[in-house]
>>> print(open('target-v1.txt').read())   # compact mmCIF, C-alpha atoms and all ligand atoms
# COMPACT_ATOMS: atom_id res chain seq x y z
CA MET A 764 5.75 3.98 33.04
CA PRO A 765 4.97 5.86 29.79
CA ALA A 766 6.44 4.60 26.50
CA ILE A 767 9.92 6.04 26.01
CA ARG A 768 10.77 8.16 22.96
CA GLU A 769 14.45 7.88 22.17
CA PHE A 770 16.39 10.03 19.72
CA THR A 771 19.97 10.96 18.95
CA PHE A 772 21.48 14.34 18.21
CA GLU A 773 24.82 16.12 18.08
CA CYS A 774 25.90 18.48 20.85
CA LYS A 775 28.23 21.46 20.51
CA SER A 776 29.73 21.24 24.00
CA LEU A 777 29.53 18.86 26.91
CA MET A 778 31.69 20.13 29.78
CA THR A 779 29.57 23.09 30.77
CA LYS A 780 30.34 25.57 33.55
CA SER A 781 28.33 24.50 36.53
CA GLY A 782 25.95 26.75 38.42
CA ILE A 783 26.69 24.70 41.56
CA ALA A 784 29.26 26.52 43.70
CA SER A 785 31.29 23.45 44.68
CA LEU A 786 31.57 22.26 41.10
CA ASP A 787 33.50 23.50 38.07
CA TYR A 788 31.97 21.45 35.27
CA ALA A 789 28.73 19.57 34.68
CA VAL A 790 28.64 16.74 32.15
CA ASN A 791 25.28 15.45 30.94
CA PRO A 792 25.63 12.86 28.17
CA TYR A 793 21.84 12.65 27.77
CA LEU A 794 18.99 15.10 27.42
CA GLY A 795 16.11 14.07 29.67
CA CYS A 796 15.98 11.25 32.16
CA THR A 797 13.83 8.16 32.03
CA HIS A 798 14.16 7.57 35.76
CA GLY A 799 11.23 10.01 35.77
CA CYS A 800 11.42 11.04 39.43
CA VAL A 801 8.31 12.94 40.53
CA TYR A 802 10.42 15.49 42.44
CA CYS A 803 12.95 16.10 39.64
CA TYR A 804 14.28 19.69 39.47
CA ALA A 805 15.67 19.20 35.95
CA THR A 806 12.34 19.17 34.11
CA PHE A 807 13.09 22.69 32.87
CA MET A 808 15.45 21.02 30.38
CA ALA A 809 12.46 19.86 28.33
CA ARG A 810 11.04 23.38 28.15
CA PHE A 811 14.49 24.78 27.40
CA LYS A 812 14.80 22.44 24.41
CA ASN A 813 11.18 22.92 23.38
CA ILE A 814 10.29 19.30 24.02
CA LYS A 815 6.62 18.68 24.76
CA ASP A 816 6.89 15.08 25.98
CA GLU A 817 6.22 14.34 29.61
CA TRP A 818 9.38 14.30 31.76
CA GLY A 819 10.61 10.73 32.06
CA SER A 820 9.14 9.68 28.71
CA PHE A 821 11.96 10.81 26.40
CA VAL A 822 15.71 10.67 26.20
CA GLY A 823 18.04 12.33 23.73
CA VAL A 824 21.43 10.71 23.22
CA LYS A 825 24.30 13.12 22.53
CA GLU A 826 25.91 10.77 20.06
CA ASN A 827 29.08 12.80 19.49
CA ALA A 828 29.61 13.41 23.25
CA PRO A 829 32.82 11.32 23.54
CA GLU A 830 34.51 13.21 20.68
CA VAL A 831 33.35 16.58 22.00
CA ILE A 832 34.60 15.97 25.54
CA ALA A 833 37.93 14.57 24.33
CA LYS A 834 38.53 17.92 22.57
CA GLU A 835 37.31 19.98 25.52
CA ILE A 836 39.37 18.39 28.29
CA PRO A 837 42.81 19.62 27.13
CA ARG A 838 41.41 23.15 26.72
CA ARG A 839 39.85 23.34 30.20
CA LYS A 840 41.47 24.30 33.47
CA PRO A 841 41.51 21.22 35.75
CA GLY A 842 38.72 21.19 38.32
CA ASP A 843 35.77 19.29 39.77
CA VAL A 844 33.52 17.54 37.27
CA CYS A 845 30.15 15.97 37.94
CA PHE A 846 28.44 13.55 35.57
CA GLY A 847 24.68 13.83 35.90
CA THR A 848 23.41 17.20 37.09
CA VAL A 849 20.29 17.39 34.87
CA CYS A 850 20.05 13.73 33.87
CA ASP A 851 21.25 10.43 35.23
CA ALA A 852 24.32 9.46 33.22
CA TYR A 853 23.51 5.79 33.99
CA GLN A 854 19.84 5.76 33.03
CA PRO A 855 18.83 2.57 31.12
CA VAL A 856 19.74 3.85 27.63
CA GLU A 857 23.40 3.95 28.71
CA GLU A 858 23.48 0.17 28.72
CA ARG A 859 23.24 0.18 24.91
CA TYR A 860 24.87 3.48 23.93
CA ARG A 861 27.77 3.49 26.44
CA THR A 862 28.09 7.25 25.92
CA THR A 863 28.88 7.94 29.57
CA ARG A 864 31.49 5.21 29.59
CA ALA A 865 33.19 6.68 26.51
CA CYS A 866 33.13 10.17 28.08
CA LEU A 867 34.68 8.82 31.29
CA GLU A 868 37.41 7.15 29.26
CA ALA A 869 38.40 10.57 27.96
CA PHE A 870 39.53 11.43 31.53
CA VAL A 871 41.89 8.45 31.80
CA GLY A 872 45.45 9.79 31.91
CA THR A 873 44.39 13.38 32.65
CA GLU A 874 45.66 15.21 35.74
CA GLY A 875 43.93 17.57 38.12
CA PHE A 876 40.33 16.64 37.37
CA GLU A 877 38.17 15.24 40.15
CA VAL A 878 35.62 13.19 38.27
CA GLY A 879 32.40 12.57 40.18
CA ILE A 880 29.21 10.77 39.24
CA LEU A 881 25.84 11.14 40.92
CA THR A 882 23.48 8.31 40.05
CA LYS A 883 20.55 6.15 41.04
CA SER A 884 21.75 3.22 38.98
CA ASP A 885 23.83 0.14 39.63
CA LEU A 886 24.84 0.20 35.96
CA VAL A 887 27.78 2.36 37.06
CA VAL A 888 29.46 -0.80 38.39
CA ARG A 889 30.00 -1.89 34.77
CA ASP A 890 32.46 1.02 34.44
CA ALA A 891 34.47 0.33 37.58
CA ASP A 892 37.41 -0.60 35.35
CA VAL A 893 37.40 2.90 33.83
CA LEU A 894 36.94 4.62 37.20
CA GLU A 895 39.95 2.69 38.52
CA ARG A 896 42.07 4.28 35.80
CA ILE A 897 40.96 7.85 36.52
CA GLU A 898 43.16 9.91 38.83
CA SER A 899 40.49 11.07 41.25
CA PRO A 900 37.03 9.48 40.87
CA ASP A 901 34.07 9.30 43.23
CA VAL A 902 30.54 8.02 42.93
CA GLY A 903 27.56 9.39 44.82
CA PHE A 904 24.44 7.23 45.10
CA SER A 905 21.16 9.01 45.44
CA ILE A 906 18.59 7.30 47.67
CA THR A 907 15.39 8.88 48.99
CA CYS A 908 13.99 5.90 50.93
CA LEU A 909 14.66 2.19 51.36
CA ASP A 910 11.14 0.96 50.63
CA ALA A 911 11.13 -0.48 47.09
CA GLY A 912 7.39 0.13 46.62
CA LEU A 913 7.64 3.76 47.65
CA ALA A 914 10.77 4.25 45.52
CA HIS A 915 8.89 2.85 42.54
CA VAL A 916 6.15 5.44 43.03
CA VAL A 917 8.50 8.42 43.23
CA GLU A 918 11.33 7.19 40.94
CA PRO A 919 9.47 4.84 38.57
CA GLY A 920 12.29 4.26 36.09
CA ALA A 921 15.18 3.86 38.52
CA PRO A 922 16.69 0.67 39.98
CA SER A 923 15.56 -0.22 43.51
CA PRO A 924 17.34 1.27 46.54
CA ALA A 925 18.65 -2.23 47.37
CA ARG A 926 20.38 -2.42 43.98
CA ARG A 927 21.91 1.02 44.51
CA LEU A 928 23.24 -0.01 47.92
CA ALA A 929 24.67 -3.23 46.48
CA ALA A 930 26.43 -1.18 43.79
CA MET A 931 27.77 1.17 46.43
CA ARG A 932 29.20 -1.79 48.38
CA GLU A 933 30.75 -3.23 45.25
CA LEU A 934 32.50 -0.03 44.17
CA SER A 935 33.63 0.62 47.71
CA ALA A 936 35.09 -2.89 47.93
CA ARG A 937 37.05 -2.13 44.75
CA GLY A 938 38.53 0.96 46.38
CA ILE A 939 36.47 3.54 44.48
CA PRO A 940 35.34 6.31 46.86
CA VAL A 941 31.56 6.37 47.33
CA TRP A 942 29.24 8.71 49.15
CA GLY A 943 25.53 9.01 49.72
CA PHE A 944 23.00 11.58 48.66
CA PHE A 945 19.85 11.27 50.77
CA GLY A 946 17.73 13.66 48.84
CA PRO A 947 15.19 14.75 48.66
CA VAL A 948 13.98 13.37 51.97
CA LEU A 949 10.34 12.61 51.18
CA PRO A 950 7.98 14.68 53.35
CA THR A 951 5.84 12.39 55.56
CA LEU A 952 7.19 9.32 53.74
CA SER A 953 10.89 9.08 54.60
CA ASP A 954 11.39 11.92 57.09
CA SER A 955 10.73 10.10 60.37
CA GLU A 956 13.67 9.42 62.71
CA GLU A 957 13.31 5.69 61.91
CA ALA A 958 13.34 6.20 58.13
CA ILE A 959 16.28 8.61 58.31
CA GLU A 960 18.20 6.20 60.51
CA GLU A 961 17.59 3.31 58.11
CA VAL A 962 18.90 5.25 55.13
CA LEU A 963 21.95 6.68 56.92
CA ARG A 964 22.83 3.33 58.48
CA GLU A 965 22.60 1.46 55.18
CA MET A 966 24.66 4.06 53.36
CA ASP A 967 27.26 3.90 56.11
CA ARG A 968 27.37 0.10 55.90
CA ALA A 969 27.73 0.32 52.13
CA GLY A 970 30.91 2.35 52.53
CA ALA A 971 29.75 5.96 52.13
CA SER A 972 32.48 8.38 53.22
CA HIS A 973 29.74 10.90 54.05
CA VAL A 974 26.11 11.62 53.26
CA LEU A 975 24.61 14.80 51.84
CA VAL A 976 21.04 15.33 52.95
CA ASP A 977 18.60 17.57 51.13
CA ARG A 978 14.95 18.42 51.65
CA MET A 979 12.29 18.54 48.98
CA ASN A 980 11.72 21.98 47.53
CA LEU A 981 7.97 21.99 47.01
CA TYR A 982 7.91 24.71 44.38
CA PRO A 983 4.79 24.65 42.16
CA LYS A 984 5.95 22.23 39.45
CA VAL A 985 7.40 19.75 41.94
CA TRP A 986 4.37 20.04 44.21
CA ALA A 987 2.02 19.35 41.27
CA ARG A 988 3.81 16.11 40.35
CA PHE A 989 4.42 15.00 43.93
CA ARG A 990 0.82 15.73 44.89
CA ARG A 991 -0.43 13.65 41.95
CA ALA A 992 1.71 10.71 43.14
CA LEU A 993 0.44 11.15 46.70
CA GLU A 994 -3.19 11.33 45.59
CA GLN A 995 -2.81 8.08 43.69
CA ARG A 996 -0.89 6.07 46.29
CA TYR A 997 -0.90 7.89 49.62
CA PRO A 998 -3.99 10.14 49.61
CA GLU A 999 -4.03 10.30 53.41
CA ARG A 1000 -0.68 12.19 53.27
CA VAL A 1001 -1.77 15.05 51.03
CA ASP A 1002 -2.97 17.37 53.79
CA ALA A 1003 0.11 16.78 55.94
CA VAL A 1004 2.43 17.63 53.04
CA ARG A 1005 0.32 20.67 52.23
CA ALA A 1006 0.87 21.85 55.82
CA ILE A 1007 4.63 21.35 55.40
CA LYS A 1008 4.49 23.33 52.17
CA SER A 1009 2.85 26.23 53.98
CA ASP A 1010 5.65 26.42 56.59
CA PRO A 1011 8.84 25.41 54.77
CA ASP A 1012 11.18 27.18 57.21
CA GLY A 1013 9.68 25.51 60.25
CA TYR A 1014 9.82 22.11 58.53
CA GLU A 1015 13.43 22.62 57.45
CA ARG A 1016 14.52 23.51 60.98
CA GLU A 1017 12.79 20.48 62.40
CA LEU A 1018 14.14 18.16 59.70
CA SER A 1019 17.66 19.50 60.06
CA ASP A 1020 17.56 18.90 63.84
CA ARG A 1021 16.18 15.41 63.33
CA VAL A 1022 18.87 14.53 60.77
CA GLY A 1023 21.58 15.89 63.08
CA ARG A 1024 20.34 13.80 66.02
CA VAL A 1025 20.11 10.61 63.97
CA ALA A 1026 23.49 11.17 62.29
CA ALA A 1027 25.12 11.55 65.71
CA SER A 1028 23.59 8.30 66.93
CA VAL A 1029 24.53 6.39 63.76
CA GLY A 1030 28.00 7.94 63.74
CA VAL A 1031 27.96 8.95 60.09
CA GLU A 1032 29.31 12.22 58.70
CA VAL A 1033 26.41 14.22 57.33
CA ASP A 1034 26.19 17.51 55.46
CA VAL A 1035 22.75 19.05 55.49
CA CYS A 1036 22.42 21.18 52.38
CA PHE A 1037 19.45 23.35 53.33
S1 LIG B 1101 17.48 10.61 38.34
FE1 LIG B 1101 17.84 12.78 38.74
S2 LIG B 1101 17.72 13.77 36.73
FE2 LIG B 1101 16.80 11.74 36.55
S3 LIG B 1101 14.61 12.12 36.83
FE3 LIG B 1101 15.51 11.52 38.80
S4 LIG B 1101 16.02 13.46 39.83
FE4 LIG B 1101 15.71 13.90 37.64
>>> encode(input="target-v1.txt", output="structure tokens", more="lines below")
Ligand code: SF4
Amino acid sequence: MPAIREFTFECKSLMTKSGIASLDYAVNPYLGCTHGCVYCYATFMARFKNIKDEWGSFVGVKENAPEVIAKEIPRRKPGDVCFGTVCDAYQPVEERYRTTRACLEAFVGTEGFEVGILTKSDLVVRDADVLERIESPDVGFSITCLDAGLAHVVEPGAPSPARRLAAMRELSARGIPVWGFFGPVLPTLSDSEEAIEEVLREMDRAGASHVLVDRMNLYPKVWARFRRALEQRYPERVDAVRAIKSDPDGYERELSDRVGRVAASVGVEVDVCF
């Protein structure tokens, strides 16, 4: 892992209109994400903010986020909110700053907002007491494989999949709705029937109401970072992934069929989002 550069700054707004159709508002208490996933689609945020550091090596803390969101909530039409669309709201820095926790607290006592979190971190369990006081919370756990070594290669700054599953079980046991995000399925690494079954089964056992499954979009920036990780740790896979990249439609069809078959045998509700 590279050394992390941390800084604070003030934001003008926090509850932004989401570009995701099923979502009304995105809330990102941090700029950047030190989970540093090699397939991350949010790296454009660095460019957007003119930050030259490598993705995963910096995090900006929106230090006035709790005050900003507390003012925004009463002015916004109720709707679906998601914490963590271009960062993980529970990345390690949250342990000290508690910015996400303070933003969540602003939703306590409000009506009509569905407050969701998508995370790779078990730190979210710390805030179960706040989630229990929100009208309509849910927590999605993102897992791309169960193998801790592989997860460390592709998500070097994130807690292990086992810790995420334990957190999922804990929140579920406390009555907080949880769901799974199996995405992106890692081409040649977690896309076999066996690997898919393992992930779906464990998410089901951990209490997931349903699982969203997504494939990896190997557009040039993602491919460059993913290929570098493959070359270092799984060089024998590079050609196979290159072949997948050259026929994305064929791969998607095959993967979608495979996921459908496995989901039916495991008996878990799955939405394939590709
Ligand atoms: S946790 Fe999400 S936002 Fe953070 S680096 Fe990974 S994919 Fe990107």
>>> atom_distance(input="target-v1.txt", atom1="atom CA of A:Glu769", atom2="atom CA of A:Trp818")
12.6 Å
>>> residues_near_ligand(input="target-v1.txt", ligand="ligand LIG 1101 (chain B)", cutoff="6 Å", atoms="only C-alpha atoms and all ligand atoms", output="list in words")
Cys796, His798, Gly799, Cys800, Cys803, Ala805, Val849, Cys850 and Asp851 of chain A
>>> closest_residue(input="target-v1.txt", among="A:Ala971, A:Ala921, A:Val790, A:Val1025", to="A:Gly943", atoms="all atoms listed in the file")
A:Ala971
>>> residues_around(input="target-v1.txt", residues="stretch 950-953 of chain A", least_positions_apart="6", cutoff="7 Å", atoms="all atoms listed in the file", output="MDAnalysis selection string")
chainID A and resid 908 959 1000 1004
>>> closest_residue(input="target-v1.txt", among="A:Ile1007, A:Val917, A:Val878, A:Val856", to="A:Asp787", atoms="all atoms listed in the file")
A:Val878
>>> atom_distance(input="target-v1.txt", atom1="atom CA of A:Pro940", atom2="atom CA of A:Leu909")
21.6 Å
>>> atom_distance(input="target-v1.txt", atom1="atom CA of A:Arg1016", atom2="atom CA of A:Phe989")
21.6 Å
>>> closest_residue(input="target-v1.txt", among="A:Asp892, A:Glu898, A:Glu918, A:Glu858", to="A:Glu874", atoms="only C-alpha atoms")
A:Glu898
>>> axis_aligned_box(input="target-v1.txt", around="stretch 995-998 of chain A", padding_each_side="8 Å", output="AutoDock Vina command-line options")
--center_x -2.4 --center_y 8.1 --center_z 46.7 --size_x 19.1 --size_y 20.1 --size_z 21.9
>>> residues_around(input="target-v1.txt", residues="A:Gly938", least_positions_apart="3", cutoff="12 Å", atoms="only C-alpha atoms", output="ChimeraX atom specification")
/A:891-892,894-896,899-902,931-935,941,970-972
>>> closest_residue(input="target-v1.txt", among="A:Phe944, A:Phe811, A:Phe772, A:Phe821", to="A:His973", atoms="all atoms listed in the file")
A:Phe944
>>> closest_residue(input="target-v1.txt", among="A:Asp954, A:Glu830, A:Asp1012, A:Asp977", to="A:Thr863", atoms="only C-alpha atoms")
A:Glu830
>>> decode(input="target-v1.txt", residues="stretch 848-863 of chain A", atoms="C-alpha atoms", output="mmCIF file, in the first residue's frame")
data_model
loop_
_atom_site.group_PDB
_atom_site.id
_atom_site.type_symbol
_atom_site.label_atom_id
_atom_site.label_comp_id
_atom_site.auth_asym_id
_atom_site.auth_seq_id
_atom_site.Cartn_x
_atom_site.Cartn_y
_atom_site.Cartn_z
ATOM 1 C CA THR A 848 -21.091 6.113 -4.566
ATOM 2 C CA VAL A 849 -17.603 7.496 -5.352
ATOM 3 C CA CYS A 850 -15.868 6.635 -2.077
ATOM 4 C CA ASP A 851 -16.388 4.181 0.742
ATOM 5 C CA ALA A 852 -18.023 6.097 3.576
ATOM 6 C CA TYR A 853 -16.445 3.586 6.014
ATOM 7 C CA GLN A 854 -12.869 3.668 4.746
ATOM 8 C CA PRO A 855 -10.285 3.655 7.590
ATOM 9 C CA VAL A 856 -10.191 7.443 8.106
ATOM 10 C CA GLU A 857 -13.823 7.292 9.278
ATOM 11 C CA GLU A 858 -12.702 5.566 12.452
ATOM 12 C CA ARG A 859 -11.086 8.820 13.622
ATOM 13 C CA TYR A 860 -13.188 11.514 11.931
ATOM 14 C CA ARG A 861 -16.659 9.934 12.356
ATOM 15 C CA THR A 862 -17.922 12.166 9.547
ATOM 16 C CA THR A 863 -20.186 9.479 8.092
#
